[in-house]
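Undergrad: One structure coming up, written as structure tokens, with questions to follow.
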Amino acid sequence: MEKLALVTGSTDGIGRGAAKLLAEQGWHVVVHGRDPRKVADALADVRKAARAAKGTAGEITSVTADLSRLEEVHALADDMLRTHGRLDALVNNAGVATPNRSARTRRVTPDGYQLEWQVNFLAAFALTLRLTGLLVASAPARVVNVSSVAQGWGAIHWDDLQLERRWDRMTAYAQSKLALTAFTNEYAHRLAGREVCANSLHPGMCSTKMVRSTFVFAPHRTRYGAENITRLVTDPGLRSTSGAYFNERRRIEPNGFAHDPAGRRRLWDVALAQSGVADRADTVLPELLTA
């Protein structure tokens with residue numbers, strides 16, 4: 001049976017590269033983006049890659065949703081649940097970082113959250129919890145969360161999570177990626193025994209538009225990061241690895257907060273309330289609805 005993967009943020013960069021690599025390996029890939037024109041272009045590109053590798057495009061489909069709007073995150077989850085009977089891999093790749101040209105601008109979503117916090121963390125949290133039932137039903141399955149080396153120096157600013165009083169773009173980015181990494185570990189802990197493995201990674205500093213506009217230095221090509229992501233989805237040697245953090249291809253210890261059970265539960269409680277998942281309890285496994 002053809003395996004199915006949803007790759008968020010797959011219209012550009014390493015997400016698009018990962019979608020193409022999975023399609024070349026025979027996966028049914030669901031391409032995601034927020035711009036319909038970019039989604040259509042990526043869909044054609046991924047189908048072309050699959051056809052070149054297999055002689056047929058296979059089943060490559062797409063979804064459009066703006067992850068800076070929680071209503072659209074939940075609509076995406078609803079669409080996946082309604083349209084697909086299985087989900088073998090969820091790759092939470094979509095992410096944002098404040099570019100150099102607007103370093104002093106603190107961007108806020110329509111839901112009232114700081115942009116990095118919502119897109120890099122809350123959207124992935126909500127989408128993963130909403131789709132966990134589908135992952136469990138398709139087990140063995142995998143969740144791959146694309147974090148960043150920035151999680152290593154990040155901190156959770158409990159008294160100012162939205163950084164209203166002390167805005168700094170790198171603080172915001174690092175906090176969101178640490179939250180994503182800690183969430184990955186807590187999720188892996190809660191799903192133990194369900195045959196759903198969840199891991200996070202820094203894919204490498206690759207020459208994507210986001211990296212070039214924010215960090216400037218990018219020693220790796222896009223394909224390198226895409227290969228590192230895809231490895232966590234497909235490598236049979238990682239079938240029982242869960243709750244791990246990888247720096248490119250090497251497993252290392254993440255920020256200590258990611259190993260703090262009390263801190264992770266506190267973060268989970270915040271995310272349940274902010275993401276809107278708590279309002280959709282009927283579609284979420286019970287063990288995911290408590291702090």
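Identifiers for the structure tokens are assigned positionally: chains receive A, B, ... in sequence, residues are indexed from 1 per chain, and ligands are indexed from 1 in the order shown.
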Leaving out stretch 172-175 of chain A and any residue of its chain fewer than 4 positions from it, which residues lie within 7 Å of it when counting only C-alpha atoms, given as a list in words?
TA: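 The residues satisfying every condition are Ala97, Glu116, Ala150, Gln151, Trp153, Gly154, Ala155, Ile156, Asp168 and Ala179 of chain A.
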Undergrad: In stretch 36-112 of chain A, what's strand (DSSP E) per DSSP? Answer as a list in words?
TA: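 Restricting stretch 36-112 of chain A to strand (DSSP E) produces Ile60, Thr61, Ser62, Val63, Thr64, Ala89, Leu90, Val91 and Asn92 of chain A.
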Undergrad: In terms of the shortest atom-to-atom distance over only C-alpha atoms, which of A:Tyr224, A:Tyr113, A:Tyr245, A:Phe121 is closest to A:Val149?
TA: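 Result for the nearest residue to A:Val149: A:Tyr245.
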Undergrad: Compile the contact shell of A:Asn92 as a list in words: residues with an atom at most 7 Å away, counting only C-alpha atoms, same-chain residues fewer than 5 positions apart removed.
TA: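 Once the adjacent positions are removed, what remains is Val7, Thr8, Ala124, Val144, Asn145 and Val146 of chain A.
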Undergrad: Taking only C-alpha atoms into account, which of A:Phe125, A:Asp78, A:Ser176, A:Ala278 comes nearest A:His157?
TA: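 The shortest atom-to-atom distance to A:His157 comes from A:Ser176.
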Undergrad: Taking into account only C-alpha atoms, which residue in the set A:Ala5, A:Val31, A:Leu288, A:Ala271 is nearest to A:Gly85?
TA: A:Ala5
Undergrad: Rounded to one decimal place, report the atom CA of A:Val108-atom CA of A:Gly95 distance in Å.
TA: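 Atom CA of A:Gly95 lies at a distance of 14.6 Å from atom CA of A:Val108.
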Undergrad: What's the separation between atom CA of A:Phe257 and atom CA of A:Gly193, in Å to one decimal place?
TA: 23.6 Å
Undergrad: Among stretch 30-165 of chain A, which ones does DSSP place in helix (DSSP H, G or I), written as a PyMOL selection string?
TA: chain A and resi 36-54+70-83+100-102+115-137+149-153+158-160
Undergrad: I need the residues from that last selection saved to file as a PDB file, in the first residue's frame (with C-alpha atoms), if you can.
TA:
ATOM      1  CA  PRO A  36      -2.221  28.872  -4.139  1.00  0.00           C
ATOM      2  CA  ARG A  37       0.045  29.747  -7.066  1.00  0.00           C
ATOM      3  CA  LYS A  38       3.140  28.452  -5.277  1.00  0.00           C
ATOM      4  CA  VAL A  39       1.257  25.329  -4.230  1.00  0.00           C
ATOM      5  CA  ALA A  40       0.284  24.639  -7.849  1.00  0.00           C
ATOM      6  CA  ASP A  41       3.868  25.146  -9.015  1.00  0.00           C
ATOM      7  CA  ALA A  42       5.290  22.878  -6.294  1.00  0.00           C
ATOM      8  CA  LEU A  43       2.654  20.229  -6.997  1.00  0.00           C
ATOM      9  CA  ALA A  44       3.705  20.106 -10.661  1.00  0.00           C
ATOM     10  CA  ASP A  45       7.380  19.960  -9.688  1.00  0.00           C
ATOM     11  CA  VAL A  46       6.889  17.114  -7.200  1.00  0.00           C
ATOM     12  CA  ARG A  47       4.815  15.164  -9.734  1.00  0.00           C
ATOM     13  CA  LYS A  48       7.560  15.667 -12.307  1.00  0.00           C
ATOM     14  CA  ALA A  49      10.183  14.347  -9.858  1.00  0.00           C
ATOM     15  CA  ALA A  50       8.055  11.292  -9.103  1.00  0.00           C
ATOM     16  CA  ARG A  51       7.473  10.606 -12.798  1.00  0.00           C
ATOM     17  CA  ALA A  52      11.185  10.877 -13.565  1.00  0.00           C
ATOM     18  CA  ALA A  53      12.035   8.415 -10.812  1.00  0.00           C
ATOM     19  CA  LYS A  54       9.207   5.914 -11.234  1.00  0.00           C
ATOM     20  CA  LEU A  70      -5.324  29.026  13.520  1.00  0.00           C
ATOM     21  CA  GLU A  71      -8.691  28.676  11.821  1.00  0.00           C
ATOM     22  CA  GLU A  72      -6.857  27.580   8.670  1.00  0.00           C
ATOM     23  CA  VAL A  73      -4.602  25.204  10.637  1.00  0.00           C
ATOM     24  CA  HIS A  74      -7.680  23.425  11.941  1.00  0.00           C
ATOM     25  CA  ALA A  75      -9.316  23.517   8.502  1.00  0.00           C
ATOM     26  CA  LEU A  76      -6.191  21.786   7.166  1.00  0.00           C
ATOM     27  CA  ALA A  77      -6.498  19.103   9.844  1.00  0.00           C
ATOM     28  CA  ASP A  78     -10.198  18.678   9.049  1.00  0.00           C
ATOM     29  CA  ASP A  79      -9.405  18.320   5.354  1.00  0.00           C
ATOM     30  CA  MET A  80      -6.762  15.661   6.009  1.00  0.00           C
ATOM     31  CA  LEU A  81      -9.109  13.719   8.282  1.00  0.00           C
ATOM     32  CA  ARG A  82     -11.955  13.940   5.781  1.00  0.00           C
ATOM     33  CA  THR A  83      -9.930  13.156   2.665  1.00  0.00           C
ATOM     34  CA  ASN A 100      17.304  41.344   8.413  1.00  0.00           C
ATOM     35  CA  ARG A 101      15.447  44.142   6.650  1.00  0.00           C
ATOM     36  CA  SER A 102      12.761  44.258   9.359  1.00  0.00           C
ATOM     37  CA  LEU A 115       4.407  35.238  14.363  1.00  0.00           C
ATOM     38  CA  GLU A 116       7.326  32.895  15.092  1.00  0.00           C
ATOM     39  CA  TRP A 117       5.560  31.497  18.157  1.00  0.00           C
ATOM     40  CA  GLN A 118       2.428  30.665  16.195  1.00  0.00           C
ATOM     41  CA  VAL A 119       3.823  29.392  12.891  1.00  0.00           C
ATOM     42  CA  ASN A 120       6.887  27.584  14.238  1.00  0.00           C
ATOM     43  CA  PHE A 121       5.248  26.075  17.311  1.00  0.00           C
ATOM     44  CA  LEU A 122       1.504  26.463  17.838  1.00  0.00           C
ATOM     45  CA  ALA A 123       0.568  25.447  14.290  1.00  0.00           C
ATOM     46  CA  ALA A 124       2.730  22.312  14.465  1.00  0.00           C
ATOM     47  CA  PHE A 125       1.330  21.489  17.908  1.00  0.00           C
ATOM     48  CA  ALA A 126      -2.272  21.842  16.748  1.00  0.00           C
ATOM     49  CA  LEU A 127      -1.816  19.967  13.491  1.00  0.00           C
ATOM     50  CA  THR A 128       0.035  17.092  15.143  1.00  0.00           C
ATOM     51  CA  LEU A 129      -2.509  16.610  17.914  1.00  0.00           C
ATOM     52  CA  ARG A 130      -5.434  16.801  15.503  1.00  0.00           C
ATOM     53  CA  LEU A 131      -3.853  14.205  13.185  1.00  0.00           C
ATOM     54  CA  THR A 132      -2.574  11.828  15.845  1.00  0.00           C
ATOM     55  CA  GLY A 133      -5.592   9.531  15.548  1.00  0.00           C
ATOM     56  CA  LEU A 134      -4.831   9.088  11.859  1.00  0.00           C
ATOM     57  CA  LEU A 135      -1.143   8.446  12.598  1.00  0.00           C
ATOM     58  CA  VAL A 136      -2.000   5.841  15.238  1.00  0.00           C
ATOM     59  CA  ALA A 137      -4.428   4.122  12.866  1.00  0.00           C
ATOM     60  CA  VAL A 149      20.338  24.824  16.078  1.00  0.00           C
ATOM     61  CA  ALA A 150      18.880  27.977  17.654  1.00  0.00           C
ATOM     62  CA  GLN A 151      16.907  25.813  20.095  1.00  0.00           C
ATOM     63  CA  GLY A 152      20.193  25.203  21.882  1.00  0.00           C
ATOM     64  CA  TRP A 153      20.465  28.771  23.135  1.00  0.00           C
ATOM     65  CA  TRP A 158       7.190  32.462  30.758  1.00  0.00           C
ATOM     66  CA  ASP A 159       6.532  36.027  31.901  1.00  0.00           C
ATOM     67  CA  ASP A 160       6.588  37.363  28.337  1.00  0.00           C
TER      68      ASP A 160
END
Undergrad: Would you mind telling me which residue in A:Ala262, A:Ala141, A:Ala188, A:Ala103 lies nearest to A:Arg169 when using only C-alpha atoms?
TA: A:Ala103
Undergrad: Excluding A:Pro261 and residues on its chain fewer than 4 positions from it, collect all residues at most 10 Å away from it, counting only C-alpha atoms, and give them as a ChimeraX atom specification.
TA: /A:182,185-186,189,257,265-267
Undergrad: Write out the residues from the selection above, keeping all heavy atoms, as a tab-separated table (two decimals), in the first residue's frame.
TA:
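File produced: result05.tsv:
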chain	number	residue	atom	x	y	z
A	182	ALA	N	10.92	20.75	22.56
A	182	ALA	CA	10.38	20.22	23.82
A	182	ALA	C	9.05	19.53	23.60
A	182	ALA	O	8.76	18.48	24.19
A	182	ALA	CB	10.24	21.36	24.83
A	185	ASN	N	9.55	16.00	22.29
A	185	ASN	CA	9.92	15.03	23.32
A	185	ASN	C	8.73	14.64	24.19
A	185	ASN	O	8.56	13.47	24.55
A	185	ASN	CB	11.05	15.59	24.17
A	185	ASN	CG	12.38	15.58	23.44
A	185	ASN	OD1	12.44	15.37	22.24
A	185	ASN	ND2	13.46	15.82	24.16
A	186	GLU	N	7.90	15.61	24.54
A	186	GLU	CA	6.73	15.31	25.36
A	186	GLU	C	5.73	14.46	24.57
A	186	GLU	O	5.12	13.53	25.11
A	186	GLU	CB	6.06	16.61	25.83
A	186	GLU	CG	4.84	16.42	26.70
A	186	GLU	CD	5.11	15.71	28.03
A	186	GLU	OE1	6.28	15.65	28.46
A	186	GLU	OE2	4.14	15.22	28.64
A	189	HIS	N	6.90	10.96	24.46
A	189	HIS	CA	6.65	10.32	25.76
A	189	HIS	C	5.20	9.87	25.87
A	189	HIS	O	4.92	8.75	26.31
A	189	HIS	CB	6.99	11.31	26.87
A	189	HIS	CG	6.61	10.85	28.23
A	189	HIS	ND1	7.26	9.84	28.91
A	189	HIS	CD2	5.61	11.27	29.06
A	189	HIS	CE1	6.69	9.65	30.08
A	189	HIS	NE2	5.68	10.50	30.21
A	257	PHE	N	15.97	22.06	28.57
A	257	PHE	CA	14.54	22.24	28.81
A	257	PHE	C	13.73	21.12	28.15
A	257	PHE	O	12.67	20.73	28.65
A	257	PHE	CB	14.06	23.60	28.30
A	257	PHE	CG	12.58	23.80	28.46
A	257	PHE	CD1	12.03	24.11	29.70
A	257	PHE	CD2	11.73	23.68	27.37
A	257	PHE	CE1	10.66	24.27	29.85
A	257	PHE	CE2	10.36	23.85	27.51
A	257	PHE	CZ	9.83	24.14	28.76
A	265	ARG	N	5.25	19.88	30.44
A	265	ARG	CA	3.81	19.84	30.74
A	265	ARG	C	3.23	21.25	30.84
A	265	ARG	O	2.11	21.50	30.38
A	265	ARG	CB	3.56	19.07	32.04
A	265	ARG	CG	3.79	17.56	31.91
A	265	ARG	CD	3.20	16.81	33.10
A	265	ARG	NE	3.84	17.19	34.34
A	265	ARG	CZ	4.91	16.59	34.85
A	265	ARG	NH1	5.48	15.58	34.20
A	265	ARG	NH2	5.42	16.98	36.00
A	266	ARG	N	3.99	22.15	31.41
A	266	ARG	CA	3.52	23.54	31.49
A	266	ARG	C	3.38	24.13	30.10
A	266	ARG	O	2.37	24.81	29.80
A	266	ARG	CB	4.51	24.37	32.32
A	266	ARG	CG	4.09	25.82	32.53
A	266	ARG	CD	5.13	26.57	33.36
A	266	ARG	NE	4.74	27.95	33.58
A	266	ARG	CZ	5.50	28.85	34.18
A	266	ARG	NH1	6.72	28.51	34.63
A	266	ARG	NH2	5.08	30.10	34.33
A	267	LEU	N	4.34	23.86	29.25
A	267	LEU	CA	4.27	24.34	27.86
A	267	LEU	C	3.08	23.72	27.14
A	267	LEU	O	2.38	24.39	26.37
A	267	LEU	CB	5.58	23.98	27.15
A	267	LEU	CG	5.71	24.41	25.69
A	267	LEU	CD1	5.73	25.93	25.58
A	267	LEU	CD2	6.97	23.82	25.07
Undergrad: In terms of the shortest atom-to-atom distance over only C-alpha atoms, which of A:Asn255, A:Ser138, A:Ser62, A:Thr171 is closest to A:Asp88?
TA: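 Checking each candidate against A:Asp88, we get A:Ser138 as the closest.
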Undergrad: Using only C-alpha atoms, find the one residue out of A:Leu4, A:Thr283, A:Ala19, A:Phe183 that sits nearest to A:His84.
TA: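 Among the listed residues, the smallest separation from A:His84 belongs to A:Leu4.
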Undergrad: Give me, please, the distance in Å between atom CA of A:Thr105 and atom CA of A:His202, quoted to one decimal.
TA: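 Computed distance, atom CA of A:Thr105 to atom CA of A:His202, equals 25.4 Å.
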Undergrad: I want to know what sits within 12 Å of A:Thr230, based on only C-alpha atoms, with residues of the same chain fewer than 6 positions away left out; could you give that as a PyMOL selection string?
TA: chain A and resi 5+7+14-25+27+89-93+142-146+199-201+203+223-224+236+238+248-249
Undergrad: Output N, CA, C and O atoms for every residue in that selection, as a compact mmCIF listing (two decimals), in the first residue's frame.
TA:
# COMPACT_ATOMS: atom_id res chain seq x y z
N ALA A 5 2.44 10.96 3.17
CA ALA A 5 3.12 11.94 4.02
C ALA A 5 2.58 13.33 3.74
O ALA A 5 2.40 13.71 2.57
N VAL A 7 3.76 17.14 4.14
CA VAL A 7 4.94 17.96 4.39
C VAL A 7 4.51 19.42 4.39
O VAL A 7 4.17 19.97 3.33
N ILE A 14 13.85 23.47 1.69
CA ILE A 14 14.06 22.08 2.08
C ILE A 14 12.75 21.30 2.16
O ILE A 14 12.74 20.09 1.98
N GLY A 15 11.65 21.99 2.41
CA GLY A 15 10.36 21.31 2.43
C GLY A 15 9.99 20.79 1.05
O GLY A 15 9.54 19.65 0.90
N ARG A 16 10.20 21.61 0.05
CA ARG A 16 9.95 21.18 -1.33
C ARG A 16 10.90 20.05 -1.71
O ARG A 16 10.48 19.07 -2.35
N GLY A 17 12.14 20.17 -1.27
CA GLY A 17 13.11 19.12 -1.55
C GLY A 17 12.72 17.81 -0.91
O GLY A 17 12.84 16.74 -1.53
N ALA A 18 12.26 17.86 0.34
CA ALA A 18 11.84 16.64 1.04
C ALA A 18 10.63 16.01 0.36
O ALA A 18 10.54 14.78 0.23
N ALA A 19 9.69 16.85 -0.07
CA ALA A 19 8.50 16.33 -0.76
C ALA A 19 8.90 15.60 -2.04
O ALA A 19 8.37 14.52 -2.36
N LYS A 20 9.86 16.16 -2.77
CA LYS A 20 10.31 15.53 -4.01
C LYS A 20 11.02 14.21 -3.73
O LYS A 20 10.80 13.21 -4.42
N LEU A 21 11.87 14.17 -2.71
CA LEU A 21 12.58 12.94 -2.38
C LEU A 21 11.62 11.83 -1.97
O LEU A 21 11.79 10.67 -2.37
N LEU A 22 10.61 12.17 -1.18
CA LEU A 22 9.62 11.17 -0.78
C LEU A 22 8.82 10.67 -1.98
O LEU A 22 8.54 9.48 -2.12
N ALA A 23 8.45 11.61 -2.85
CA ALA A 23 7.69 11.24 -4.04
C ALA A 23 8.51 10.32 -4.93
O ALA A 23 7.99 9.35 -5.52
N GLU A 24 9.81 10.59 -5.03
CA GLU A 24 10.69 9.76 -5.84
C GLU A 24 10.79 8.33 -5.29
O GLU A 24 11.07 7.39 -6.02
N GLN A 25 10.56 8.21 -3.97
CA GLN A 25 10.62 6.90 -3.33
C GLN A 25 9.26 6.20 -3.31
O GLN A 25 9.10 5.14 -2.69
N TRP A 27 6.20 7.56 -2.33
CA TRP A 27 5.22 8.01 -1.35
C TRP A 27 4.13 8.84 -2.02
O TRP A 27 4.38 9.56 -2.99
N ALA A 89 3.33 9.63 7.75
CA ALA A 89 4.35 10.58 8.20
C ALA A 89 3.82 12.00 8.14
O ALA A 89 3.18 12.39 7.16
N LEU A 90 4.09 12.73 9.20
CA LEU A 90 3.78 14.16 9.25
C LEU A 90 5.10 14.90 9.43
O LEU A 90 5.80 14.67 10.42
N VAL A 91 5.43 15.75 8.49
CA VAL A 91 6.66 16.55 8.57
C VAL A 91 6.26 18.01 8.79
O VAL A 91 5.76 18.67 7.88
N ASN A 92 6.46 18.47 10.01
CA ASN A 92 6.19 19.87 10.34
C ASN A 92 7.43 20.69 10.01
O ASN A 92 8.31 20.91 10.83
N ASN A 93 7.47 21.12 8.75
CA ASN A 93 8.63 21.84 8.23
C ASN A 93 8.40 23.35 8.14
O ASN A 93 9.36 24.12 8.22
N ARG A 142 5.45 8.12 11.65
CA ARG A 142 6.50 9.01 12.16
C ARG A 142 6.08 10.48 12.05
O ARG A 142 5.41 10.89 11.10
N VAL A 143 6.52 11.24 13.05
CA VAL A 143 6.39 12.70 13.05
C VAL A 143 7.79 13.27 13.07
O VAL A 143 8.62 12.87 13.90
N VAL A 144 8.07 14.18 12.15
CA VAL A 144 9.38 14.84 12.08
C VAL A 144 9.14 16.34 12.20
O VAL A 144 8.45 16.94 11.37
N ASN A 145 9.71 16.94 13.24
CA ASN A 145 9.57 18.37 13.46
C ASN A 145 10.90 19.06 13.14
O ASN A 145 11.93 18.76 13.74
N VAL A 146 10.85 19.99 12.20
CA VAL A 146 12.06 20.68 11.76
C VAL A 146 12.33 21.84 12.71
O VAL A 146 11.68 22.88 12.67
N ASN A 199 10.49 12.77 16.27
CA ASN A 199 11.84 13.29 16.45
C ASN A 199 11.94 14.69 15.85
O ASN A 199 11.15 15.07 14.99
N SER A 200 12.92 15.44 16.31
CA SER A 200 13.15 16.78 15.79
C SER A 200 14.59 16.87 15.29
O SER A 200 15.44 16.06 15.67
N LEU A 201 14.85 17.87 14.46
CA LEU A 201 16.20 18.01 13.93
C LEU A 201 16.50 19.42 13.49
O LEU A 201 15.60 20.20 13.17
N PRO A 203 18.19 20.69 10.36
CA PRO A 203 18.51 20.03 9.09
C PRO A 203 19.83 20.49 8.48
O PRO A 203 20.30 19.88 7.51
N ARG A 223 19.25 20.57 -0.97
CA ARG A 223 19.06 19.11 -0.99
C ARG A 223 19.62 18.46 0.26
O ARG A 223 19.07 17.45 0.73
N TYR A 224 20.68 19.01 0.82
CA TYR A 224 21.29 18.43 2.01
C TYR A 224 20.29 18.41 3.16
O TYR A 224 20.11 17.38 3.84
N PRO A 236 14.99 2.76 7.98
CA PRO A 236 14.51 1.65 8.81
C PRO A 236 15.27 1.51 10.12
O PRO A 236 14.74 0.97 11.10
N LEU A 238 15.84 3.76 12.13
CA LEU A 238 15.28 4.70 13.10
C LEU A 238 13.83 4.37 13.44
O LEU A 238 13.14 5.19 14.04
N GLU A 248 21.70 17.82 12.01
CA GLU A 248 21.94 17.28 10.68
C GLU A 248 21.76 15.75 10.72
O GLU A 248 20.65 15.29 10.87
N ARG A 249 22.82 14.97 10.67
CA ARG A 249 22.66 13.51 10.68
C ARG A 249 23.07 12.88 12.00
O ARG A 249 22.96 11.65 12.17
